[in-house]
file my_file_12.txt (compact mmCIF, C-alpha atoms)
# COMPACT_ATOMS: atom_id res chain seq x y z
CA ALA A 30 0.00 0.00 0.00
CA GLN A 31 1.08 3.55 -0.60
CA SER A 32 0.48 6.49 1.70
CA VAL A 33 1.64 9.98 2.53
CA ALA A 34 1.53 11.92 5.78
CA GLN A 35 1.41 15.66 6.17
CA PRO A 36 2.01 16.17 9.89
CA GLU A 37 0.95 19.81 10.02
CA ASP A 38 -2.63 20.91 9.46
CA GLN A 39 -1.50 24.53 9.19
CA VAL A 40 1.73 26.41 8.70
CA ASN A 41 2.00 30.12 9.40
CA VAL A 42 4.86 32.20 8.03
CA ALA A 43 5.62 35.88 7.59
CA GLU A 44 5.93 37.26 4.07
CA GLY A 45 9.54 37.25 2.93
CA ASN A 46 10.51 34.41 5.23
CA PRO A 47 11.33 30.92 3.97
CA LEU A 48 8.60 28.33 4.17
CA THR A 49 8.57 24.56 4.52
CA VAL A 50 5.59 22.25 4.21
CA LYS A 51 6.38 18.73 5.36
CA CYS A 52 5.53 15.40 3.73
CA THR A 53 6.61 11.85 4.42
CA TYR A 54 5.68 8.85 2.33
CA SER A 55 5.40 5.09 2.51
CA VAL A 56 5.64 2.76 -0.48
CA SER A 57 6.77 -0.78 -1.12
CA GLY A 58 9.01 0.13 -3.99
CA ASN A 59 10.19 3.41 -5.46
CA PRO A 60 7.95 6.44 -5.41
CA TYR A 61 6.73 9.07 -7.76
CA LEU A 62 6.07 12.13 -5.57
CA PHE A 63 4.02 15.23 -6.26
CA TRP A 64 2.91 18.51 -4.77
CA TYR A 65 -0.39 20.12 -5.67
CA VAL A 66 -1.91 23.40 -4.50
CA GLN A 67 -5.56 24.28 -4.02
CA TYR A 68 -6.87 27.83 -3.86
CA PRO A 69 -10.33 28.50 -2.40
CA ASN A 70 -13.19 27.15 -4.51
CA ARG A 71 -10.79 25.77 -7.10
CA GLY A 72 -9.49 22.37 -8.12
CA LEU A 73 -6.00 21.21 -7.33
CA GLN A 74 -3.16 22.51 -9.47
CA PHE A 75 0.11 20.70 -10.13
CA LEU A 76 3.23 22.31 -8.63
CA LEU A 77 6.08 19.87 -9.08
CA LYS A 78 7.06 16.21 -9.17
CA TYR A 79 9.92 13.87 -8.40
CA ILE A 80 10.35 10.87 -10.68
CA THR A 81 14.05 10.15 -10.66
CA GLY A 82 17.39 11.92 -10.80
CA ASP A 83 18.28 15.08 -8.92
CA ASN A 84 16.87 15.06 -5.41
CA LEU A 85 16.08 18.78 -5.56
CA VAL A 86 13.11 19.45 -7.79
CA LYS A 87 12.09 22.92 -8.92
CA GLY A 88 8.51 23.75 -9.78
CA SER A 89 6.05 26.51 -10.42
CA TYR A 90 5.92 29.88 -8.62
CA GLY A 91 9.39 29.51 -7.11
CA PHE A 92 8.60 26.36 -5.15
CA GLU A 93 11.02 23.49 -4.80
CA ALA A 94 11.05 20.17 -3.00
CA GLU A 95 13.78 17.87 -1.79
CA PHE A 96 13.50 14.11 -2.06
CA ASN A 97 15.19 12.34 0.84
CA LYS A 98 15.09 8.57 0.47
CA SER A 99 16.63 7.75 3.84
CA GLN A 100 14.05 9.86 5.65
CA THR A 101 11.24 9.01 3.19
CA SER A 102 10.44 12.69 2.96
CA PHE A 103 9.55 15.15 0.23
CA HIS A 104 9.26 18.56 1.89
CA LEU A 105 8.05 21.56 -0.08
CA LYS A 106 10.07 24.75 0.25
CA LYS A 107 10.23 28.30 -0.93
CA PRO A 108 13.01 30.77 -0.04
CA SER A 109 10.74 33.79 0.32
CA ALA A 110 7.01 33.44 0.95
CA LEU A 111 4.35 35.68 -0.56
CA VAL A 112 0.89 36.43 0.76
CA SER A 113 -0.44 35.02 -2.51
CA ASP A 114 1.10 31.63 -1.61
CA SER A 115 -1.59 31.21 1.04
CA ALA A 116 -3.49 28.07 0.02
CA LEU A 117 -3.99 24.40 0.78
CA TYR A 118 -1.06 22.19 -0.22
CA PHE A 119 -1.27 18.47 -0.93
CA CYS A 120 1.49 15.93 -1.18
CA ALA A 121 0.80 12.81 -3.27
CA VAL A 122 2.54 9.53 -4.03
CA ARG A 123 2.39 6.72 -6.51
CA ASP A 124 4.21 3.44 -5.98
CA ILE A 125 5.79 2.60 -9.34
CA GLN A 126 6.66 -0.93 -8.28
CA THR A 127 3.19 -2.13 -7.42
CA GLY A 128 1.62 -0.61 -10.49
CA GLY A 129 -1.92 0.44 -9.83
CA GLY A 130 -2.08 2.32 -13.03
CA ASN A 131 -1.93 6.04 -12.50
CA LYS A 132 -3.44 5.90 -9.03
CA LEU A 133 -2.26 8.70 -6.77
CA THR A 134 -2.72 8.77 -3.02
CA PHE A 135 -3.00 12.26 -1.52
CA GLY A 136 -2.14 13.47 1.94
CA THR A 137 -4.63 15.29 4.14
CA GLY A 138 -3.37 18.70 3.11
CA THR A 139 -1.56 21.54 4.89
CA GLN A 140 -3.06 25.01 5.02
CA LEU A 141 -0.35 27.59 4.43
CA LYS A 142 -1.01 31.08 5.72
CA VAL A 143 1.42 33.83 4.81
CA GLU A 144 0.97 37.03 6.76
CA LEU A 145 2.28 40.53 6.22
CA ASP B 13 -8.02 23.95 -24.17
CA ALA B 14 -10.74 24.78 -21.64
CA GLY B 15 -9.41 22.27 -19.15
CA VAL B 16 -11.50 19.72 -17.28
CA ILE B 17 -15.12 20.84 -17.25
CA GLN B 18 -17.44 19.83 -14.43
CA SER B 19 -21.13 20.47 -13.98
CA PRO B 20 -22.99 21.52 -12.00
CA ARG B 21 -20.68 23.69 -9.88
CA HIS B 22 -23.17 23.65 -7.03
CA GLU B 23 -26.00 21.26 -6.29
CA VAL B 24 -28.39 21.37 -3.37
CA THR B 25 -30.80 18.49 -3.07
CA GLU B 26 -32.88 16.67 -0.56
CA MET B 27 -32.14 13.30 0.94
CA GLY B 28 -33.35 10.49 -1.25
CA GLN B 29 -33.03 12.35 -4.52
CA GLU B 30 -30.85 11.21 -7.39
CA VAL B 31 -27.76 13.30 -8.13
CA THR B 32 -25.77 13.22 -11.35
CA LEU B 33 -22.42 14.94 -11.65
CA ARG B 34 -20.80 15.38 -15.04
CA CYS B 35 -17.27 15.68 -16.30
CA LYS B 36 -15.63 16.45 -19.61
CA PRO B 37 -11.91 15.58 -19.54
CA ILE B 38 -9.21 17.24 -21.56
CA SER B 39 -9.24 16.06 -25.15
CA GLY B 40 -6.66 13.32 -25.68
CA HIS B 41 -6.39 12.34 -22.03
CA ASP B 42 -6.92 8.62 -21.56
CA TYR B 43 -7.27 8.53 -17.76
CA LEU B 44 -10.17 10.00 -15.81
CA PHE B 45 -10.48 10.11 -12.03
CA TRP B 46 -13.29 10.95 -9.63
CA TYR B 47 -12.26 12.26 -6.19
CA ARG B 48 -14.32 13.37 -3.21
CA GLN B 49 -13.12 16.03 -0.76
CA THR B 50 -14.48 16.50 2.74
CA MET B 51 -13.09 18.13 5.85
CA MET B 52 -13.24 14.87 7.75
CA ARG B 53 -11.73 12.49 5.20
CA GLY B 54 -9.69 14.77 2.97
CA LEU B 55 -9.29 13.84 -0.70
CA GLU B 56 -10.47 10.32 -1.53
CA LEU B 57 -10.19 8.53 -4.86
CA LEU B 58 -13.56 7.05 -5.76
CA ILE B 59 -12.93 5.48 -9.15
CA TYR B 60 -10.75 5.85 -12.20
CA PHE B 61 -11.03 4.94 -15.86
CA ASN B 62 -8.48 4.18 -18.53
CA ASN B 63 -9.66 4.39 -22.14
CA ASN B 64 -13.25 4.58 -20.87
CA VAL B 65 -12.93 1.33 -18.89
CA PRO B 66 -13.25 1.39 -15.09
CA ILE B 67 -9.96 0.19 -13.63
CA ASP B 68 -10.34 0.61 -9.89
CA ASP B 69 -13.63 1.35 -8.15
CA SER B 70 -12.52 0.25 -4.69
CA GLY B 71 -13.05 3.76 -3.36
CA MET B 72 -16.71 3.90 -4.27
CA PRO B 73 -18.35 4.02 -0.84
CA GLU B 74 -21.57 2.11 -1.47
CA ASP B 75 -23.82 0.70 -4.12
CA ARG B 76 -25.60 4.02 -4.09
CA PHE B 77 -22.66 5.38 -6.07
CA SER B 78 -22.09 4.55 -9.71
CA ALA B 79 -19.88 6.00 -12.43
CA LYS B 80 -19.86 5.64 -16.17
CA MET B 81 -17.72 6.77 -19.04
CA PRO B 82 -19.64 6.13 -22.25
CA ASN B 83 -17.01 7.81 -24.43
CA ALA B 84 -13.67 9.55 -24.20
CA SER B 85 -15.16 12.98 -23.68
CA PHE B 86 -17.76 12.39 -20.99
CA SER B 87 -18.19 10.78 -17.60
CA THR B 88 -20.89 10.80 -14.96
CA LEU B 89 -20.95 10.09 -11.25
CA LYS B 90 -24.39 9.21 -9.95
CA ILE B 91 -25.65 8.95 -6.39
CA GLN B 92 -29.01 7.30 -5.88
CA PRO B 93 -30.47 7.77 -3.35
CA SER B 94 -28.46 10.63 -1.91
CA GLU B 95 -27.85 11.05 1.83
CA PRO B 96 -26.64 14.01 3.92
CA ARG B 97 -23.28 12.30 4.48
CA ASP B 98 -22.66 12.48 0.73
CA SER B 99 -22.28 16.24 1.04
CA ALA B 100 -18.81 17.05 -0.29
CA VAL B 101 -16.92 18.56 -3.17
CA TYR B 102 -16.53 16.08 -6.01
CA PHE B 103 -13.59 16.56 -8.34
CA CYS B 104 -12.94 15.09 -11.72
CA ALA B 105 -9.37 14.94 -13.02
CA SER B 106 -7.75 13.67 -16.18
CA THR B 107 -4.29 12.80 -17.42
CA THR B 108 -2.54 10.95 -20.17
CA THR B 109 0.04 8.22 -20.13
CA GLY B 110 2.40 10.49 -21.96
CA SER B 111 2.14 13.36 -19.48
CA GLY B 112 5.19 12.32 -17.52
CA ALA B 113 3.50 10.27 -14.87
CA ASN B 114 0.41 11.41 -13.09
CA VAL B 115 0.28 15.12 -13.71
CA LEU B 116 -3.43 15.38 -13.11
CA THR B 117 -5.50 18.27 -14.33
CA PHE B 118 -8.42 18.86 -12.01
CA GLY B 119 -11.77 20.41 -12.72
CA ALA B 120 -13.13 23.17 -10.51
CA GLY B 121 -15.30 20.68 -8.63
CA SER B 122 -18.99 20.13 -7.95
CA ARG B 123 -20.09 21.13 -4.46
CA LEU B 124 -22.93 18.86 -3.37
CA THR B 125 -25.15 19.60 -0.40
CA VAL B 126 -27.72 17.00 0.60
CA LEU B 127 -30.31 18.28 3.06
call {"tool": "encode", "arguments": {"input": "my_file_12.txt", "output": "structure tokens"}}
result
Amino acid sequence: AQSVAQPEDQVNVAEGNPLTVKCTYSVSGNPYLFWYVQYPNRGLQFLLKYITGDNLVKGSYGFEAEFNKSQTSFHLKKPSALVSDSALYFCAVRDIQTGGGNKLTFGTGTQLKVEL
Amino acid sequence: DAGVIQSPRHEVTEMGQEVTLRCKPISGHDYLFWYRQTMMRGLELLIYFNNNVPIDDSGMPEDRFSAKMPNASFSTLKIQPSEPRDSAVYFCASTTTGSGANVLTFGAGSRLTVL
């Protein structure tokens, strides 16, 4: 079975400060990992993904994430937060070993609030 | 491309009524997913299709729920009879095998309220 955990329901950060949204995963084999963002009354939007290769992945809107196999983590980061980054962030995983087609499992989401 | 189109955006109905949610995926996408989002349970995968064929419906909560994909450009999720606990936002998403693994495009969602 595949799963992800987002340990924080909410993260608060001041504008201009760095932000981190945490995610850990569990799979039997090797993972595909994703971050999606959801703004109010909207569907989820893709931010970035890790498939293979460089552990540091860069995505949209200045976000990046670091894959750490030993810690089974894929934390989302941004060097300088903006108020407009305030949204709900979801981590997702797919276990490429067990197949399951294109089935993604999402975490419970972390609400990011960036304040002036 | 207009993206994934869902209708209706909002639906308010009474317990026991039939509800039909509709989805038009992005042209050329061969995978279609139905998710449900609630505060209590987060984002749950209900069912997904590949080339119009249901592949995994293990997330469908009960026999009251059914989904169809009669062609590549249309899918429905039906709840009959509806219950208050079905109140949620239902998302449709699509992707293609060639998209670089699971980059889903989501619709704006259908917010269902069952009174």
call {"tool": "closest_residue", "arguments": {"input": "my_file_12.txt", "among": "B:Phe45, B:Leu55, B:Ser19, B:Ser106", "to": "Gln67 in chain A", "atoms": "all atoms listed in the file"}}
result
B:Leu55
call {"tool": "interface_residues", "arguments": {"input": "my_file_12.txt", "of": "chain B", "to": "chain A", "cutoff": "12 Å", "atoms": "all atoms listed in the file", "output": "MDAnalysis selection string"}}
result
chainID B and resid 15:18 21:22 42:62 66:71 101:123
call {"tool": "atom_distance", "arguments": {"input": "my_file_12.txt", "atom1": "CA of Val66 in chain A", "atom2": "CA of Thr81 in chain A"}}
result
21.6 Å
call {"tool": "residues_around", "arguments": {"input": "my_file_12.txt", "residues": "range 89-104 of chain A", "least_positions_apart": "5", "cutoff": "7 Å", "atoms": "only C-alpha atoms", "output": "number ranges by chain"}}
result
A: 49-54, 76-77, 84
call {"tool": "atom_distance", "arguments": {"input": "my_file_12.txt", "atom1": "CA of Pro73 in chain B", "atom2": "CA of Asp124 in chain A"}}
result
23.1 Å
call {"tool": "closest_residue", "arguments": {"input": "my_file_12.txt", "among": "A:Ala110, A:Ser57, A:Leu85, A:Thr139", "to": "Gly45 in chain A", "atoms": "all atoms listed in the file"}}
result
A:Ala110
call {"tool": "atom_distance", "arguments": {"input": "my_file_12.txt", "atom1": "CA of Pro60 in chain A", "atom2": "CA of Cys120 in chain A"}}
result
12.2 Å
call {"tool": "residues_around", "arguments": {"input": "my_file_12.txt", "residues": "Ser113 in chain A", "least_positions_apart": "4", "cutoff": "10 Å", "atoms": "all atoms listed in the file", "output": "PyMOL selection string"}}
result
chain A and resi 44+68+142-144
call {"tool": "closest_residue", "arguments": {"input": "my_file_12.txt", "among": "A:Pro108, A:Val40, A:Leu48, A:Gln31", "to": "Leu141 in chain A", "atoms": "all atoms listed in the file"}}
result
A:Val40
call {"tool": "residues_near_point", "arguments": {"input": "my_file_12.txt", "point": "(-27.4, 5.8, -9.8)", "cutoff": "12 Å", "atoms": "only C-alpha atoms", "output": "compact mmCIF listing (two decimals) with C-alpha atoms, in the coordinates of the input"}}
result
# COMPACT_ATOMS: atom_id res chain seq x y z
CA GLY B 28 -33.35 10.49 -1.25
CA GLN B 29 -33.03 12.35 -4.52
CA GLU B 30 -30.85 11.21 -7.39
CA VAL B 31 -27.76 13.30 -8.13
CA THR B 32 -25.77 13.22 -11.35
CA LEU B 33 -22.42 14.94 -11.65
CA GLU B 74 -21.57 2.11 -1.47
CA ASP B 75 -23.82 0.70 -4.12
CA ARG B 76 -25.60 4.02 -4.09
CA PHE B 77 -22.66 5.38 -6.07
CA SER B 78 -22.09 4.55 -9.71
CA ALA B 79 -19.88 6.00 -12.43
CA LYS B 80 -19.86 5.64 -16.17
CA THR B 88 -20.89 10.80 -14.96
CA LEU B 89 -20.95 10.09 -11.25
CA LYS B 90 -24.39 9.21 -9.95
CA ILE B 91 -25.65 8.95 -6.39
CA GLN B 92 -29.01 7.30 -5.88
CA PRO B 93 -30.47 7.77 -3.35
CA SER B 94 -28.46 10.63 -1.91
call {"tool": "residues_around", "arguments": {"input": "my_file_12.txt", "residues": "Val126 in chain B", "least_positions_apart": "5", "cutoff": "6 Å", "atoms": "all atoms listed in the file", "output": "ChimeraX atom specification"}}
result
/B:24-27,96,99
call {"tool": "axis_aligned_box", "arguments": {"input": "my_file_12.txt", "around": "range 55-74 of chain A", "padding_each_side": "4 Å", "output": "lines of an AutoDock Vina configuration file"}}
result
center_x = -1.5
center_y = 13.9
center_z = -3.5
size_x = 31.4
size_y = 37.3
size_z = 20.0
call {"tool": "closest_residue", "arguments": {"input": "my_file_12.txt", "among": "A:Asn41, A:Asn46, A:Gln35, A:Asn59", "to": "Tyr118 in chain A", "atoms": "all atoms listed in the file"}}
result
A:Gln35
